[in-house]
Amino acid sequence: MTGTDTDTDSGAGVKAPDSAAAAIPAAAWINLALATVGMAVNFWAWGLISPLGPTYKQQLGLNSFQQSFLVAVPVLVGSLGRIPVGALTDKYGARLMVPAISFATVLPVLGLSVVHGFGLLLLVGFFLGVAGSFFAAGVPYVNSWFPPARRGMAIGIFGIGTGGTAIASFFTARFLRWYDNTNTMFYVVAVVLAVYGVVALLLARDAPGRQIPEHLFGARFKQALKDPSTLPMALLYAVCFGAFVAMGVYLPTYLKEAYHLSQDGASTRAAGFTLVAVLFRPLGGTLSDRIGPAKVLVGSFGTVGFTAVWQAFQPPLNPWSTVAFLVMAASIGLACGAVFALVAIVTPKERVGTVTGLVGAAGGLGGYFPPLVMGAVYGITSSFAIGLMLLSDAAFAALIYCAAKLLGRDRRDSPDRFGS
């Protein structure tokens with residue numbers, strides 16, 4: 001692949017020169033902070049339905065599959081929405097797309113305060129999924145401000161914004177209890193989204209010299225699909241971010257059913273899982289800058305696989321299951337950071353949004369199906385072991401691919417290293 005990004009990259013095991021850090025302008029850090037806060041706010045909105053799944057199940061008399069489908073709908077829409085949002089960001093810039101997504105999310109959040117039936121909740125969840133597409137606007141936004149040797153770190157820091165789902169897990173059920181089942185939580189989130197949208201409209205700036213693609217979306221989409229690196233990165237991200245989304249969405253239900261925790265207790269532990277994954281994401285990007293993404297991915301996928309096998313036997317919650325989930329969360333965070341460090345390395349600037357949309361969509365889709373599978377399998381067998389073993393299979397398959405195709409090759413290799 002050609003492009004200025006790949007021409008200036010250093011070897012996978014070589015530290016970035018000090019001049020690279022010195023060359024980063026203050027505006028880059030300001031826009032990175034703005035993007036990170038924006039993703040946290042939008043992911044907070046995106047994750048509102050998940051912690052309420054058990055409540056909706058009880059109120060509406062849903063079965064396990066219906067509950068899983070309800071919490072998975074925003075995931076699906078947020079995933080597929082990343083494809084057009086990424087392409088639109090390439091074309092129009094994050095300065096427009098970042099506030100637009102935030103404003104568009106306000107109405108479905110308010111919709112949660114007035115709808116009650118299963119069908120209407122599915123409809124609101126569909127539009128709430130727009131918030132999940134923020135990721136595809138944020139990656140090219142951040143990527144354009146930082147030099148190649150520091151993009152893994154920058155994208156990793158931006159990834160902290162996925163912790164918005166932890167905010168949702170921790171506070172949603174509690175707000176319902178604190179305010180006697182009122183809609184205060186939804187009003188708070190809607191106001192925060194609107195305020196952030198205004199701030200982003202005033203402060204967000206695209207990096208100087210942003211390259212605007214000449215071709216229409218269809219041509220850029222086909223070009224990104226033909227790139228030999230896109231499919232492997234999409235599949236790797238489907239495993240790691242899919243595990244992150246699936247666990248974040250389904251863990252409250254799993255802990256409540258498998259370990260008979262209260263809704264507050266299950267939500268708190270799910271928030272802890274999400275928080276650990278989020279905090280380790282910048283480390284995954286930073287380690288990738290230093291030692292190369294391949295080594296980070298091999299170690300991370302191996303650990304996810306082993307912890308999923310361990311958890312399939314449902315060990316005691318304290319300490320063994322708790323330790324297993326926390327280690328799994330840390331490994332997932334490392335892998336997510338490493339995949340997008342890889343994206344920053346091999347993708348030219350003018351196509352980062354389009355490729356990010358495709359890779360991000362794959363990650364979200366990777367998180368869409370596991371909750372449905374877990375719910376369906378549990379409804380039939382009253383066991384979560386099969387679902388966890390499938391997660392381990394996916395992680396070990398990703399490990400084998402990374403070890404066979406990526407290890408031993410540095411950033412300066414041509415991207416045909418992703419091929420057969």
# chains A, B, ... in the order shown; residues from 1 in each chain; ligands from 1
call {"tool": "residues_around", "arguments": {"residues": "Leu121 (chain A)", "least_positions_apart": "5", "cutoff": "12 Å", "atoms": "only C-alpha atoms", "output": "NGL selection string"}}
result
:A and (48-50 or 52-53 or 56-57 or 60 or 66-67 or 69-74 or 108-116 or 126-128)
call {"tool": "closest_residue", "arguments": {"among": "A:Val192, A:Phe306, A:Gly299, A:Val278", "to": "Asp393 (chain A)", "atoms": "only C-alpha atoms"}}
result
A:Phe306
call {"tool": "residues_around", "arguments": {"residues": "Gly38 (chain A)", "least_positions_apart": "3", "cutoff": "12 Å", "atoms": "only C-alpha atoms", "output": "VMD selection string"}}
result
chain A and resid 31 to 35 41 to 45 94 97 to 103 105 131 to 135 137 to 139 141 to 142 158 to 164 192 to 201 204
call {"tool": "write_last_selection", "arguments": {"atoms": "C-alpha atoms", "output": "mmCIF file, in the first residue's frame"}}
result
data_model
loop_
_atom_site.group_PDB
_atom_site.id
_atom_site.type_symbol
_atom_site.label_atom_id
_atom_site.label_comp_id
_atom_site.auth_asym_id
_atom_site.auth_seq_id
_atom_site.Cartn_x
_atom_site.Cartn_y
_atom_site.Cartn_z
ATOM 1 C CA ASN A 31 -9.014 17.633 19.880
ATOM 2 C CA LEU A 32 -8.032 14.217 21.245
ATOM 3 C CA ALA A 33 -9.620 15.133 24.586
ATOM 4 C CA LEU A 34 -12.724 16.442 22.821
ATOM 5 C CA ALA A 35 -13.050 13.253 20.774
ATOM 6 C CA VAL A 41 -20.968 10.600 26.162
ATOM 7 C CA ASN A 42 -22.310 8.874 23.052
ATOM 8 C CA PHE A 43 -21.392 5.409 24.308
ATOM 9 C CA TRP A 44 -23.156 6.239 27.565
ATOM 10 C CA ALA A 45 -26.305 6.809 25.523
ATOM 11 C CA ALA A 94 -15.117 15.299 11.977
ATOM 12 C CA MET A 97 -19.882 14.712 11.944
ATOM 13 C CA VAL A 98 -18.956 14.715 15.650
ATOM 14 C CA PRO A 99 -21.615 17.235 16.769
ATOM 15 C CA ALA A 100 -24.135 15.876 14.236
ATOM 16 C CA ILE A 101 -24.047 12.376 15.756
ATOM 17 C CA SER A 102 -24.423 13.777 19.269
ATOM 18 C CA PHE A 103 -27.435 15.905 18.339
ATOM 19 C CA THR A 105 -28.827 10.819 19.586
ATOM 20 C CA ALA A 131 -24.600 6.811 19.010
ATOM 21 C CA GLY A 132 -22.438 3.740 18.456
ATOM 22 C CA SER A 133 -21.339 5.055 15.064
ATOM 23 C CA PHE A 134 -19.422 7.895 16.793
ATOM 24 C CA PHE A 135 -16.399 5.608 16.834
ATOM 25 C CA ALA A 137 -15.981 9.588 13.146
ATOM 26 C CA GLY A 138 -13.572 9.746 16.071
ATOM 27 C CA VAL A 139 -10.797 7.498 14.747
ATOM 28 C CA TYR A 141 -10.494 12.704 13.638
ATOM 29 C CA VAL A 142 -7.791 11.665 16.110
ATOM 30 C CA PHE A 158 -9.432 7.836 22.394
ATOM 31 C CA GLY A 159 -10.584 4.286 23.093
ATOM 32 C CA ILE A 160 -11.033 5.226 26.758
ATOM 33 C CA GLY A 161 -14.264 6.805 25.545
ATOM 34 C CA THR A 162 -15.766 3.338 25.191
ATOM 35 C CA GLY A 163 -15.993 3.530 28.975
ATOM 36 C CA GLY A 164 -19.256 5.355 28.406
ATOM 37 C CA VAL A 192 -25.240 16.052 28.360
ATOM 38 C CA LEU A 193 -25.435 15.050 24.693
ATOM 39 C CA ALA A 194 -26.880 18.413 23.697
ATOM 40 C CA VAL A 195 -24.271 20.361 25.684
ATOM 41 C CA TYR A 196 -21.462 18.294 24.216
ATOM 42 C CA GLY A 197 -22.835 18.809 20.708
ATOM 43 C CA VAL A 198 -22.736 22.584 21.184
ATOM 44 C CA VAL A 199 -19.186 22.474 22.605
ATOM 45 C CA ALA A 200 -18.004 20.279 19.723
ATOM 46 C CA LEU A 201 -19.647 22.593 17.213
ATOM 47 C CA ALA A 204 -13.799 20.749 17.156
#
call {"tool": "select_by_dssp", "arguments": {"residues": "region 99-307 of chain A", "states": "alpha helix (DSSP H)", "output": "number ranges by chain"}}
result
A: 99-111, 118-128, 134-143, 151-158, 164-178, 184-203, 217-226, 230-259, 263-291, 293-307
call {"tool": "closest_residue", "arguments": {"among": "A:Leu255, A:Cys402, A:Met185, A:Ala312", "to": "Leu388 (chain A)", "atoms": "only C-alpha atoms"}}
result
A:Ala312
call {"tool": "closest_residue", "arguments": {"among": "A:Cys240, A:Leu283, A:Ala362, A:Leu261", "to": "Ala397 (chain A)", "atoms": "only C-alpha atoms"}}
result
A:Cys240
call {"tool": "atom_distance", "arguments": {"atom1": "CA of Leu391 (chain A)", "atom2": "CA of Asp227 (chain A)"}}
result
27.4 Å
call {"tool": "closest_residue", "arguments": {"among": "A:Ser288, A:Asn63, A:Ser79, A:Gln314", "to": "Leu334 (chain A)", "atoms": "only C-alpha atoms"}}
result
A:Ser288
call {"tool": "closest_residue", "arguments": {"among": "A:Tyr250, A:Trp46, A:Phe170, A:Tyr92", "to": "Pro140 (chain A)", "atoms": "only C-alpha atoms"}}
result
A:Tyr92
